[in-house]
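Trainee: My questions all concern the structure below.
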Amino acid sequence: MNYVYLLRCADGTLYCGWTTDLAARVKTHNSGKGAKYTRSRLPAELVYYETYEDRHEALRREWQLKRLPRAEKLALIRNAEKFRKGEKYEASGKMSSVYRESSN
């Protein structure tokens with residue numbers, strides 16, 4: 001499985017990444033051995049992720065997420081929180097579901 005994820009760093013900034021082992025990658029970030037960006041902004045909290053069967057599809061989505069404005073990333077996070085709580089959420093034009101599961 002391939003994951004594209006967003007972390008909220010201690011300073012409030014968002015970091016986007018890709019991995020095949022989500023739990024291990026978040027742990028690596030928080031141990032200070034992850035991306036250079038997150039090392040000085042610990043702790044980092046996993047706030048959003050999507051799953052993909054295909055690595056190339058995941059990398060393509062990571063590229064897309066990295067280019068989204070902060071406001072759109074925050075909207076994805078808000079919708080994910082509502083989805084987890086079972087509340088009604090707004091589907092955006094870019095993504096029809098939260099915690100998207102690949103159809104492959």
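Residue names in the structure tokens use chain letters A, B, ... in the order shown, residue numbers from 1 in each chain, and ligand numbers from 1 in the order shown.
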Counting only C-alpha atoms, what is within 9 Å of A:His29, bar same-chain residues fewer than 5 positions away, as a PyMOL selection string?
Mentor: chain A and resi 24+34-35+38-39+42-44
Trainee: Where does DSSP see helix (DSSP H, G or I) in chain A, if you list the residues as number ranges by chain?
Mentor: A: 22-30, 36-39, 55-67, 70-85
Trainee: Save the residues we just selected, N, CA and C atoms, as a compact mmCIF listing (two decimals), in the first residue's frame?
Mentor:
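Writing done, so here's selection-v1.txt:
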```
# COMPACT_ATOMS: atom_id res chain seq x y z
N LEU A 22 2.96 4.02 6.71
CA LEU A 22 2.54 5.29 7.30
C LEU A 22 2.95 5.42 8.76
N ALA A 23 2.67 4.41 9.57
CA ALA A 23 2.99 4.50 11.00
C ALA A 23 4.50 4.65 11.22
N ALA A 24 5.27 3.88 10.48
CA ALA A 24 6.73 3.97 10.63
C ALA A 24 7.26 5.33 10.16
N ARG A 25 6.67 5.87 9.11
CA ARG A 25 7.15 7.16 8.60
C ARG A 25 6.85 8.28 9.58
N VAL A 26 5.67 8.29 10.17
CA VAL A 26 5.33 9.31 11.16
C VAL A 26 6.27 9.20 12.36
N LYS A 27 6.54 7.97 12.78
CA LYS A 27 7.47 7.75 13.89
C LYS A 27 8.86 8.26 13.53
N THR A 28 9.30 8.02 12.31
CA THR A 28 10.61 8.51 11.85
C THR A 28 10.65 10.03 11.87
N HIS A 29 9.58 10.66 11.38
CA HIS A 29 9.52 12.13 11.42
C HIS A 29 9.68 12.62 12.86
N ASN A 30 8.94 12.01 13.78
CA ASN A 30 8.94 12.48 15.17
C ASN A 30 10.19 12.12 15.95
N LYS A 36 14.06 16.87 6.44
CA LYS A 36 14.76 18.02 7.02
C LYS A 36 13.77 19.09 7.49
N TYR A 37 12.70 19.27 6.73
CA TYR A 37 11.70 20.29 7.06
C TYR A 37 11.08 20.04 8.43
N THR A 38 10.75 18.79 8.73
CA THR A 38 10.04 18.50 9.98
C THR A 38 10.97 18.44 11.19
N ARG A 39 12.24 18.23 10.99
CA ARG A 39 13.17 18.06 12.12
C ARG A 39 13.15 19.21 13.11
N ARG A 55 2.07 2.98 -6.85
CA ARG A 55 3.07 3.94 -6.39
C ARG A 55 3.05 5.22 -7.22
N HIS A 56 2.95 5.08 -8.53
CA HIS A 56 2.97 6.25 -9.41
C HIS A 56 1.75 7.14 -9.20
N GLU A 57 0.62 6.52 -8.94
CA GLU A 57 -0.59 7.29 -8.65
C GLU A 57 -0.41 8.07 -7.34
N ALA A 58 0.19 7.43 -6.34
CA ALA A 58 0.44 8.10 -5.05
C ALA A 58 1.41 9.27 -5.22
N LEU A 59 2.47 9.06 -5.98
CA LEU A 59 3.44 10.14 -6.19
C LEU A 59 2.82 11.30 -6.97
N ARG A 60 1.94 10.98 -7.90
CA ARG A 60 1.24 12.02 -8.66
C ARG A 60 0.36 12.84 -7.71
N ARG A 61 -0.34 12.14 -6.81
CA ARG A 61 -1.21 12.84 -5.85
C ARG A 61 -0.40 13.67 -4.86
N GLU A 62 0.75 13.15 -4.44
CA GLU A 62 1.61 13.94 -3.55
C GLU A 62 2.00 15.25 -4.24
N TRP A 63 2.37 15.17 -5.49
CA TRP A 63 2.75 16.36 -6.26
C TRP A 63 1.58 17.34 -6.30
N GLN A 64 0.36 16.83 -6.51
CA GLN A 64 -0.83 17.69 -6.54
C GLN A 64 -1.07 18.35 -5.18
N LEU A 65 -1.00 17.57 -4.11
CA LEU A 65 -1.24 18.13 -2.78
C LEU A 65 -0.22 19.19 -2.41
N LYS A 66 1.03 18.96 -2.78
CA LYS A 66 2.07 19.94 -2.45
C LYS A 66 1.81 21.29 -3.12
N ARG A 67 1.09 21.27 -4.21
CA ARG A 67 0.82 22.51 -4.94
C ARG A 67 -0.51 23.17 -4.56
N ARG A 70 -2.67 26.46 1.00
CA ARG A 70 -2.86 26.04 2.39
C ARG A 70 -4.34 25.90 2.74
N ALA A 71 -5.16 26.84 2.29
CA ALA A 71 -6.59 26.81 2.60
C ALA A 71 -7.25 25.52 2.09
N GLU A 72 -6.86 25.04 0.94
CA GLU A 72 -7.43 23.81 0.39
C GLU A 72 -6.95 22.59 1.17
N LYS A 73 -5.70 22.61 1.61
CA LYS A 73 -5.19 21.52 2.45
C LYS A 73 -5.95 21.48 3.77
N LEU A 74 -6.19 22.64 4.35
CA LEU A 74 -6.95 22.70 5.60
C LEU A 74 -8.38 22.20 5.41
N ALA A 75 -8.97 22.48 4.25
CA ALA A 75 -10.32 21.98 3.96
C ALA A 75 -10.33 20.45 3.88
N LEU A 76 -9.31 19.87 3.29
CA LEU A 76 -9.20 18.41 3.25
C LEU A 76 -9.14 17.84 4.66
N ILE A 77 -8.34 18.48 5.51
CA ILE A 77 -8.18 18.03 6.89
C ILE A 77 -9.51 18.14 7.65
N ARG A 78 -10.19 19.27 7.50
CA ARG A 78 -11.49 19.46 8.16
C ARG A 78 -12.49 18.40 7.72
N ASN A 79 -12.54 18.14 6.42
CA ASN A 79 -13.47 17.12 5.92
C ASN A 79 -13.12 15.74 6.45
N ALA A 80 -11.84 15.44 6.57
CA ALA A 80 -11.41 14.15 7.11
C ALA A 80 -11.86 14.01 8.56
N GLU A 81 -11.73 15.09 9.33
CA GLU A 81 -12.16 15.06 10.73
C GLU A 81 -13.67 14.84 10.82
N LYS A 82 -14.44 15.52 9.96
CA LYS A 82 -15.90 15.34 9.95
C LYS A 82 -16.26 13.92 9.54
N PHE A 83 -15.54 13.39 8.56
CA PHE A 83 -15.79 12.03 8.08
C PHE A 83 -15.57 11.01 9.20
N ARG A 84 -14.47 11.15 9.92
CA ARG A 84 -14.16 10.24 11.02
C ARG A 84 -15.23 10.29 12.11
N LYS A 85 -15.79 11.47 12.33
CA LYS A 85 -16.82 11.63 13.36
C LYS A 85 -18.21 11.25 12.86
```
Trainee: Any idea what the distance is between atom CA of A:Thr20 and atom CA of A:Glu87?
Mentor: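 These two atoms are separated by 29.0 Å.
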Trainee: So which one's closest to A:Val47, A:Cys9, A:Gly32, A:Asn2, A:Gly86? Using only C-alpha atoms, please.
Mentor: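 Using only C-alpha atoms, A:Val47 sits closest to A:Cys9.
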Trainee: Can you tell me how far atom CA of A:Leu46 sits from atom CA of A:Met1, in Å to one decimal?
Mentor: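 For atom CA of A:Leu46 relative to atom CA of A:Met1, the distance reads 17.2 Å.
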Trainee: Please determine, counting only C-alpha atoms, which residue among A:Ser40, A:Lys33, A:Thr19, A:Glu53 has the shortest atom-to-atom distance to A:Leu6.
Mentor: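 Checking each of A:Ser40, A:Lys33, A:Thr19, A:Glu53 against A:Leu6, counting only C-alpha atoms, the winner is A:Thr19.
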Trainee: Please report the interatomic distance between atom CA of A:Val4 and atom CA of A:Glu45 in Å with one decimal.
Mentor: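 Going from atom CA of A:Val4 over to atom CA of A:Glu45 covers 14.1 Å.
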Trainee: When DSSP is applied to the backbone of this structure, which of chain A are assigned strand (DSSP E or B)? Write them out as a list in words.
Mentor: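 Result set for chain A (strand (DSSP E or B)): Asn2, Tyr3, Val4, Tyr5, Leu6, Leu7, Arg8, Cys9, Leu14, Tyr15, Cys16, Gly17, Trp18, Thr19, Ala44, Glu45, Leu46, Val47, Tyr48, Tyr49, Glu50, Thr51 and Tyr52 of chain A.
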Trainee: Dump C-alpha atoms for the selected residues as a PDB file, in the first residue's frame?
Mentor:
```
ATOM      1  CA  ASN A   2       1.139   3.534  -0.756  1.00  0.00           C
ATOM      2  CA  TYR A   3       0.177   6.532   1.345  1.00  0.00           C
ATOM      3  CA  VAL A   4       0.141  10.262   0.707  1.00  0.00           C
ATOM      4  CA  TYR A   5      -0.111  12.166   3.953  1.00  0.00           C
ATOM      5  CA  LEU A   6      -0.210  15.572   5.599  1.00  0.00           C
ATOM      6  CA  LEU A   7       1.445  16.310   8.915  1.00  0.00           C
ATOM      7  CA  ARG A   8       0.731  19.338  11.076  1.00  0.00           C
ATOM      8  CA  CYS A   9       4.018  20.482  12.590  1.00  0.00           C
ATOM      9  CA  LEU A  14       1.772  21.493   7.018  1.00  0.00           C
ATOM     10  CA  TYR A  15       4.118  18.928   5.484  1.00  0.00           C
ATOM     11  CA  CYS A  16       3.130  16.581   2.641  1.00  0.00           C
ATOM     12  CA  GLY A  17       4.856  13.286   1.962  1.00  0.00           C
ATOM     13  CA  TRP A  18       4.594   9.782   0.498  1.00  0.00           C
ATOM     14  CA  THR A  19       5.413   6.410   2.049  1.00  0.00           C
ATOM     15  CA  ALA A  44       4.437  16.426  13.881  1.00  0.00           C
ATOM     16  CA  GLU A  45       0.886  15.091  13.963  1.00  0.00           C
ATOM     17  CA  LEU A  46      -0.664  13.000  11.196  1.00  0.00           C
ATOM     18  CA  VAL A  47      -3.805  14.901  10.184  1.00  0.00           C
ATOM     19  CA  TYR A  48      -4.678  13.460   6.769  1.00  0.00           C
ATOM     20  CA  TYR A  49      -3.841  10.590   4.453  1.00  0.00           C
ATOM     21  CA  GLU A  50      -4.961   8.870   1.271  1.00  0.00           C
ATOM     22  CA  THR A  51      -4.182   5.303   0.190  1.00  0.00           C
ATOM     23  CA  TYR A  52      -3.188   4.045  -3.248  1.00  0.00           C
TER      24      TYR A  52
END
```
